[in-house]
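**Q** Okay, handing you the structure first.
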Amino acid sequence: DEPVNWTAGIVNRSFEEVAAASEAIGRVHPLIRNLANETVIGGRRDAVDRLVRALDASFFEVGIVSTVHCPVGRAVEDDYRALHSFPTTAPEGVTFYSGVSALPYVPTESLAAEAITAQAAHPIDYPALIERAHADGVRVFLEVGPGASCTRLIDRILGDRPHLARSLCAADRDPLFTVLEAIGSLIAARVPVKLDLLYGQEPSPVGRGKKPATSADVSTRWITIEPGLKPWNLPSPPAVEPEPERQAAPPDSGPIAIEPLPVEPSELHSADL
């Protein structure tokens with residue numbers, strides 16, 4: 001029942017180095033393998049300080065901590081599993097991954113509770129998770145939680161291999177701009193995006209002016225992107241004959257019609273961490 005001054009942070013050492021040193025010190029644990037040479041550690045503050053000195057490592061303390069991803073959670077595994085057991089319906093078209101095993105699973109009531117319990121009592125191997133997802137064909141990674149730490153790690157893990165990683169909530173940036181920038185990146189990557197939750201049900205005009213009155217005008221002057229539609233592409237402009245000298249320019253013929261590309265939208269994926 002003694003009070004515990006628990007803290008956590010990142011050290012620039014491998015998971016294996018941290019595990020070996022922490023075993024000798026006690027009451028401090030490796031929590032997450034971030035990268036090959038970066039590990040999240042946690043434990044009593046005095047033990048964490050001793051571990052950092054023993055490793056001669058840099059230490060970046062994180063602000064919000066909890067006693068998860070370590071053996072402390074094993075003492076309450078049964079209760080924790082029961083606490084997270086609820087009727088579960090797996091959504092279609094979404095693949096879930098375990099942050100502990102890095103394996104995909106179908107979230108039934110028992111498997112979802114087991115995955116949540118596992119991450120409370122065992123460390124997370126983030127590179128293994130991202131590598132498995134990428135091997136399975138995942139190319140777009142959206143970080144929806146606060147900060148952009150996962151986005152940073154994904155870019156480091158995958159390097160120059162094809163992928164897009166974006167954060168929706170970077171701590172040091174304007175929240176709305178961050179969301180809009182991420183949406184723009186998705187559209188540029190030809191990922192179907194539904195914008196009505198952001199801008200309302202009515203599509204936004206391509207250019208200035210009043211809303212077109214006819215359906216024919218809507219099809220050429222307005223753009224809306226919804227699930228199921230193929231990505232858009234602007235066609236090449238038609239060839240124009242050179243104008244005779246002093247001849248007046250032709251009147252504006254209006255915006256160019258936009259044609260869909262024959263590309264099927266990618267399946268969305270998520271990971272429980």
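Starting from 1 in every chain, residues are counted up; chains themselves are A, B, ... following the order of the structure tokens, and ligands are numbered from 1 as listed.
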Could you name the residues that touch A:Ala102 at 9 Å or less, counting only C-alpha atoms, but leaving out those on the same chain fewer than 3 positions away, as a compact mmCIF listing (two decimals) with C-alpha atoms, in the first residue's frame?
**A**
```
# COMPACT_ATOMS: atom_id res chain seq x y z
CA TYR A 97 -3.86 -5.60 -34.98
CA SER A 98 -2.53 -6.47 -31.55
CA GLY A 99 0.20 -4.13 -30.35
CA ILE A 124 4.48 -3.14 -27.08
CA ASP A 125 6.65 -3.89 -30.10
CA TYR A 126 5.79 -0.96 -32.37
CA PRO A 127 8.25 -1.68 -35.22
CA ALA A 128 6.94 -5.27 -35.48
CA LEU A 129 3.36 -3.95 -35.63
CA ILE A 130 4.09 -1.43 -38.39
CA GLU A 131 6.20 -3.90 -40.36
CA ARG A 132 3.39 -6.48 -40.25
CA ALA A 133 0.76 -3.96 -41.32
```
**Q** Compile the contact shell of A:Ala57 as number ranges by chain: residues with an atom at most 10 Å away, counting only C-alpha atoms, same-chain residues fewer than 2 positions apart removed.
**A** A: 10-13, 51-55, 59-60
**Q** Restricting it to N, CA, C and O atoms, dump the selection as a PDB file, in the first residue's frame.
**A**
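Final output, saved to again-v5.pdb:
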```
ATOM      1  N   ILE A  10      11.422   8.297 -22.469  1.00  0.00           N
ATOM      2  CA  ILE A  10      12.092   7.651 -23.601  1.00  0.00           C
ATOM      3  C   ILE A  10      13.599   7.720 -23.409  1.00  0.00           C
ATOM      4  O   ILE A  10      14.140   8.776 -23.045  1.00  0.00           O
ATOM      5  N   VAL A  11      14.269   6.603 -23.637  1.00  0.00           N
ATOM      6  CA  VAL A  11      15.734   6.576 -23.618  1.00  0.00           C
ATOM      7  C   VAL A  11      16.245   6.135 -24.981  1.00  0.00           C
ATOM      8  O   VAL A  11      15.575   5.382 -25.698  1.00  0.00           O
ATOM      9  N   ASN A  12      17.412   6.606 -25.336  1.00  0.00           N
ATOM     10  CA  ASN A  12      18.012   6.284 -26.637  1.00  0.00           C
ATOM     11  C   ASN A  12      18.858   5.017 -26.547  1.00  0.00           C
ATOM     12  O   ASN A  12      20.070   5.020 -26.822  1.00  0.00           O
ATOM     13  N   ARG A  13      18.217   3.931 -26.118  1.00  0.00           N
ATOM     14  CA  ARG A  13      18.858   2.632 -26.011  1.00  0.00           C
ATOM     15  C   ARG A  13      17.893   1.561 -26.524  1.00  0.00           C
ATOM     16  O   ARG A  13      16.682   1.758 -26.517  1.00  0.00           O
ATOM     17  N   LEU A  51      18.426   3.585 -13.639  1.00  0.00           N
ATOM     18  CA  LEU A  51      18.544   2.916 -14.934  1.00  0.00           C
ATOM     19  C   LEU A  51      19.152   3.850 -15.978  1.00  0.00           C
ATOM     20  O   LEU A  51      20.022   3.442 -16.760  1.00  0.00           O
ATOM     21  N   VAL A  52      18.709   5.095 -16.005  1.00  0.00           N
ATOM     22  CA  VAL A  52      19.226   6.056 -16.987  1.00  0.00           C
ATOM     23  C   VAL A  52      20.724   6.270 -16.762  1.00  0.00           C
ATOM     24  O   VAL A  52      21.507   6.318 -17.723  1.00  0.00           O
ATOM     25  N   ARG A  53      21.140   6.348 -15.503  1.00  0.00           N
ATOM     26  CA  ARG A  53      22.573   6.516 -15.219  1.00  0.00           C
ATOM     27  C   ARG A  53      23.357   5.261 -15.608  1.00  0.00           C
ATOM     28  O   ARG A  53      24.459   5.356 -16.161  1.00  0.00           O
ATOM     29  N   ALA A  54      22.781   4.092 -15.337  1.00  0.00           N
ATOM     30  CA  ALA A  54      23.471   2.845 -15.672  1.00  0.00           C
ATOM     31  C   ALA A  54      23.653   2.689 -17.176  1.00  0.00           C
ATOM     32  O   ALA A  54      24.663   2.154 -17.643  1.00  0.00           O
ATOM     33  N   LEU A  55      22.687   3.161 -17.936  1.00  0.00           N
ATOM     34  CA  LEU A  55      22.758   3.064 -19.395  1.00  0.00           C
ATOM     35  C   LEU A  55      23.548   4.215 -20.005  1.00  0.00           C
ATOM     36  O   LEU A  55      23.863   4.176 -21.203  1.00  0.00           O
ATOM     37  N   PHE A  59      17.358  10.945 -21.511  1.00  0.00           N
ATOM     38  CA  PHE A  59      16.029  10.605 -20.993  1.00  0.00           C
ATOM     39  C   PHE A  59      15.080  11.758 -21.259  1.00  0.00           C
ATOM     40  O   PHE A  59      15.351  12.895 -20.883  1.00  0.00           O
ATOM     41  N   PHE A  60      13.961  11.443 -21.947  1.00  0.00           N
ATOM     42  CA  PHE A  60      12.919  12.432 -22.207  1.00  0.00           C
ATOM     43  C   PHE A  60      11.660  11.984 -21.486  1.00  0.00           C
ATOM     44  O   PHE A  60      11.029  11.002 -21.859  1.00  0.00           O
TER      45      PHE A  60
END
```
**Q** Any chance you could tabulate, as CSV, the residues of stretch 26-101 of chain A at most 9 Å from stretch 143-159 of chain A with each one's nearest atom pair and distance in Å to one decimal, using only C-alpha atoms, in chain and rising number order?
**A**
```
residue,atom,partner,partner_atom,distance
A:Asn34,CA,A:Leu153,CA,6.9
A:Leu35,CA,A:Ile157,CA,7.1
A:Ala36,CA,A:Ile157,CA,9.0
```
**Q** Go ahead and compute the interatomic distance for atom CA of A:Phe141 and atom CA of A:His163, in Å to one decimal.
**A**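 Value for the atom CA of A:Phe141-atom CA of A:His163 distance: 7.7 Å.
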**Q** Tell me, in Å to one decimal, how far atom CA of A:Leu142 is from atom CA of A:Pro87.
**A**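 Interatomic distance, atom CA of A:Leu142 to atom CA of A:Pro87: 26.6 Å.
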**Q** Name the residues in contact with A:Ser22 at a cut-off of 9 Å, using only C-alpha atoms, excluding same-chain residues fewer than 5 positions from it; report them as a JSON list (two decimals) with all heavy atoms, in the first residue's frame.
**A**
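Output file around_4.json follows:
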```json
[["chain", "number", "residue", "atom", "x", "y", "z"],
["A", 17, "GLU", "N", 18.92, -3.78, -24.32],
["A", 17, "GLU", "CA", 19.80, -3.14, -23.34],
["A", 17, "GLU", "C", 19.02, -2.72, -22.10],
["A", 17, "GLU", "O", 19.47, -2.91, -20.96],
["A", 17, "GLU", "CB", 20.47, -1.92, -23.96],
["A", 17, "GLU", "CG", 21.51, -2.21, -25.02],
["A", 17, "GLU", "CD", 22.07, -0.92, -25.60],
["A", 17, "GLU", "OE1", 21.43, -0.34, -26.50],
["A", 17, "GLU", "OE2", 23.16, -0.51, -25.15],
["A", 27, "ARG", "N", 12.03, -2.70, -10.21],
["A", 27, "ARG", "CA", 11.00, -1.67, -10.12],
["A", 27, "ARG", "C", 11.08, -0.64, -11.24],
["A", 27, "ARG", "O", 10.65, 0.51, -11.09],
["A", 27, "ARG", "CB", 11.03, -0.97, -8.75],
["A", 27, "ARG", "CG", 10.75, -1.94, -7.61],
["A", 27, "ARG", "CD", 10.40, -1.22, -6.34],
["A", 27, "ARG", "NE", 10.00, -2.17, -5.30],
["A", 27, "ARG", "CZ", 9.49, -1.84, -4.12],
["A", 27, "ARG", "NH1", 9.31, -0.56, -3.82],
["A", 27, "ARG", "NH2", 9.17, -2.75, -3.23],
["A", 28, "VAL", "N", 11.64, -1.04, -12.37],
["A", 28, "VAL", "CA", 11.65, -0.24, -13.59],
["A", 28, "VAL", "C", 11.61, -1.21, -14.75],
["A", 28, "VAL", "O", 12.20, -2.30, -14.67],
["A", 28, "VAL", "CB", 12.88, 0.69, -13.66],
["A", 28, "VAL", "CG1", 14.17, -0.11, -13.61],
["A", 28, "VAL", "CG2", 12.83, 1.56, -14.90],
["A", 29, "HIS", "N", 10.88, -0.86, -15.82],
["A", 29, "HIS", "CA", 10.62, -1.83, -16.89],
["A", 29, "HIS", "C", 10.70, -1.17, -18.26],
["A", 29, "HIS", "O", 10.34, 0.02, -18.40],
["A", 29, "HIS", "CB", 9.21, -2.43, -16.73],
["A", 29, "HIS", "CG", 8.92, -2.93, -15.36],
["A", 29, "HIS", "ND1", 9.33, -4.17, -14.91],
["A", 29, "HIS", "CD2", 8.26, -2.34, -14.31],
["A", 29, "HIS", "CE1", 8.92, -4.35, -13.66],
["A", 29, "HIS", "NE2", 8.28, -3.26, -13.28],
["A", 30, "PRO", "N", 11.10, -1.92, -19.28],
["A", 30, "PRO", "CA", 10.92, -1.45, -20.66],
["A", 30, "PRO", "C", 9.46, -1.63, -21.04],
["A", 30, "PRO", "O", 8.87, -2.70, -20.85],
["A", 30, "PRO", "CB", 11.83, -2.39, -21.47],
["A", 30, "PRO", "CG", 11.89, -3.65, -20.67],
["A", 30, "PRO", "CD", 11.78, -3.24, -19.23],
["A", 47, "ALA", "N", 14.16, 4.36, -9.33],
["A", 47, "ALA", "CA", 14.68, 3.26, -10.15],
["A", 47, "ALA", "C", 14.92, 3.71, -11.58],
["A", 47, "ALA", "O", 15.89, 3.29, -12.23],
["A", 47, "ALA", "CB", 13.71, 2.08, -10.11],
["A", 48, "VAL", "N", 14.04, 4.56, -12.10],
["A", 48, "VAL", "CA", 14.22, 5.09, -13.46],
["A", 48, "VAL", "C", 15.51, 5.91, -13.52],
["A", 48, "VAL", "O", 16.30, 5.78, -14.47],
["A", 48, "VAL", "CB", 13.00, 5.95, -13.87],
["A", 48, "VAL", "CG1", 13.31, 6.74, -15.14],
["A", 48, "VAL", "CG2", 11.77, 5.07, -14.08],
["A", 51, "LEU", "N", 18.43, 3.59, -13.64],
["A", 51, "LEU", "CA", 18.54, 2.92, -14.93],
["A", 51, "LEU", "C", 19.15, 3.85, -15.98],
["A", 51, "LEU", "O", 20.02, 3.44, -16.76],
["A", 51, "LEU", "CB", 17.17, 2.42, -15.40],
["A", 51, "LEU", "CG", 17.11, 1.77, -16.78],
["A", 51, "LEU", "CD1", 18.00, 0.54, -16.84],
["A", 51, "LEU", "CD2", 15.68, 1.42, -17.17]]
```
**Q** Apply DSSP to the backbone of this structure and, from stretch 90-145 of chain A, keep only the residues in strand (DSSP E or B); write these as a list in words.
**A**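 Taking stretch 90-145 of chain A and keeping strand (DSSP E or B) only, one gets Val94, Thr95, Phe96, Tyr97, Ser98, Pro104, Tyr105, Ile124, Asp125, Val140, Phe141, Leu142 and Glu143 of chain A.
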**Q** Please dump the current selection as a short mmCIF file (atom, residue, chain, number, x, y, z; two decimals), in the first residue's frame; keep N, CA, C and O atoms.
**A**
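File produced: result05.cif:
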```cif
data_model
loop_
_atom_site.label_atom_id
_atom_site.label_comp_id
_atom_site.auth_asym_id
_atom_site.auth_seq_id
_atom_site.Cartn_x
_atom_site.Cartn_y
_atom_site.Cartn_z
N VAL A 94 -12.39 -3.43 -41.90
CA VAL A 94 -11.37 -2.88 -40.99
C VAL A 94 -10.59 -4.04 -40.39
O VAL A 94 -11.18 -4.98 -39.85
N THR A 95 -9.27 -3.98 -40.47
CA THR A 95 -8.40 -4.99 -39.88
C THR A 95 -7.82 -4.45 -38.59
O THR A 95 -7.27 -3.35 -38.56
N PHE A 96 -7.92 -5.22 -37.52
CA PHE A 96 -7.38 -4.83 -36.22
C PHE A 96 -6.09 -5.62 -35.96
O PHE A 96 -6.00 -6.80 -36.31
N TYR A 97 -5.12 -4.95 -35.31
CA TYR A 97 -3.86 -5.60 -34.98
C TYR A 97 -3.60 -5.49 -33.48
O TYR A 97 -3.94 -4.49 -32.85
N SER A 98 -2.97 -6.50 -32.94
CA SER A 98 -2.53 -6.47 -31.55
C SER A 98 -1.19 -5.76 -31.47
O SER A 98 -0.26 -6.07 -32.22
N PRO A 104 -2.85 -9.64 -36.85
CA PRO A 104 -4.23 -9.21 -37.04
C PRO A 104 -5.19 -10.16 -36.34
O PRO A 104 -4.89 -11.34 -36.15
N TYR A 105 -6.34 -9.64 -35.93
CA TYR A 105 -7.35 -10.48 -35.29
C TYR A 105 -8.73 -9.90 -35.54
O TYR A 105 -8.88 -8.70 -35.83
N ILE A 124 4.90 -3.34 -25.70
CA ILE A 124 4.48 -3.14 -27.08
C ILE A 124 5.70 -3.17 -27.99
O ILE A 124 6.73 -2.54 -27.68
N ASP A 125 5.59 -3.88 -29.09
CA ASP A 125 6.65 -3.89 -30.10
C ASP A 125 6.14 -3.12 -31.32
O ASP A 125 5.54 -3.70 -32.23
N VAL A 140 -1.41 3.65 -45.74
CA VAL A 140 -1.85 4.93 -45.18
C VAL A 140 -2.03 4.77 -43.67
O VAL A 140 -2.76 3.88 -43.22
N PHE A 141 -1.35 5.61 -42.90
CA PHE A 141 -1.39 5.55 -41.44
C PHE A 141 -1.85 6.91 -40.92
O PHE A 141 -1.20 7.93 -41.17
N LEU A 142 -2.97 6.95 -40.19
CA LEU A 142 -3.48 8.18 -39.61
C LEU A 142 -3.41 8.08 -38.09
O LEU A 142 -3.98 7.16 -37.50
N GLU A 143 -2.72 9.01 -37.47
CA GLU A 143 -2.63 9.04 -36.02
C GLU A 143 -3.72 9.97 -35.49
O GLU A 143 -3.69 11.18 -35.70
#
```
**Q** Quick one: residues within 12 Å of A:Ala82, only C-alpha atoms, excluding same-chain residues fewer than 2 positions away - as a list in words?
**A**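 Non-adjacent residues within range: Val76, Glu77, Asp78, Asp79, Tyr80, His84, Ser85, Phe86, Pro87, Glu109, Ser110, Leu111, Ala112, Ala113, Glu114, Ile116 and Thr117 of chain A.
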**Q** I'd like the interatomic distance between atom CA of A:Pro123 and atom CA of A:Arg74, to a tenth of an Å.
**A**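 So the answer is 11.7 Å.
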**Q** Near A:Phe15, within 8 Å and counting only C-alpha atoms, which residues show up once chain neighbours fewer than 4 positions away are dropped, as a PyMOL selection string?
**A** chain A and resi 19+30+32-33+36-39
**Q** Could you pull out the residues in stretch 23-161 of chain A that DSSP calls alpha helix (DSSP H) from the backbone, as a PyMOL selection string?
**A** chain A and resi 23-25+45-55+77-83+109-121+126-135+149-158
**Q** So which one's closest to A:Ser66, A:Ala171, A:Val4, A:Leu198, A:Val191? Using only C-alpha atoms, please.
**A**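 Result for the nearest residue to A:Ser66: A:Val4.
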**Q** Calculated over only C-alpha atoms, which of the candidates A:Ser167, A:Thr88, A:Gln119, A:Thr7 has the smallest distance to A:Ile64?
**A**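 Nearest candidate to A:Ile64 out of A:Ser167, A:Thr88, A:Gln119, A:Thr7: A:Thr7.
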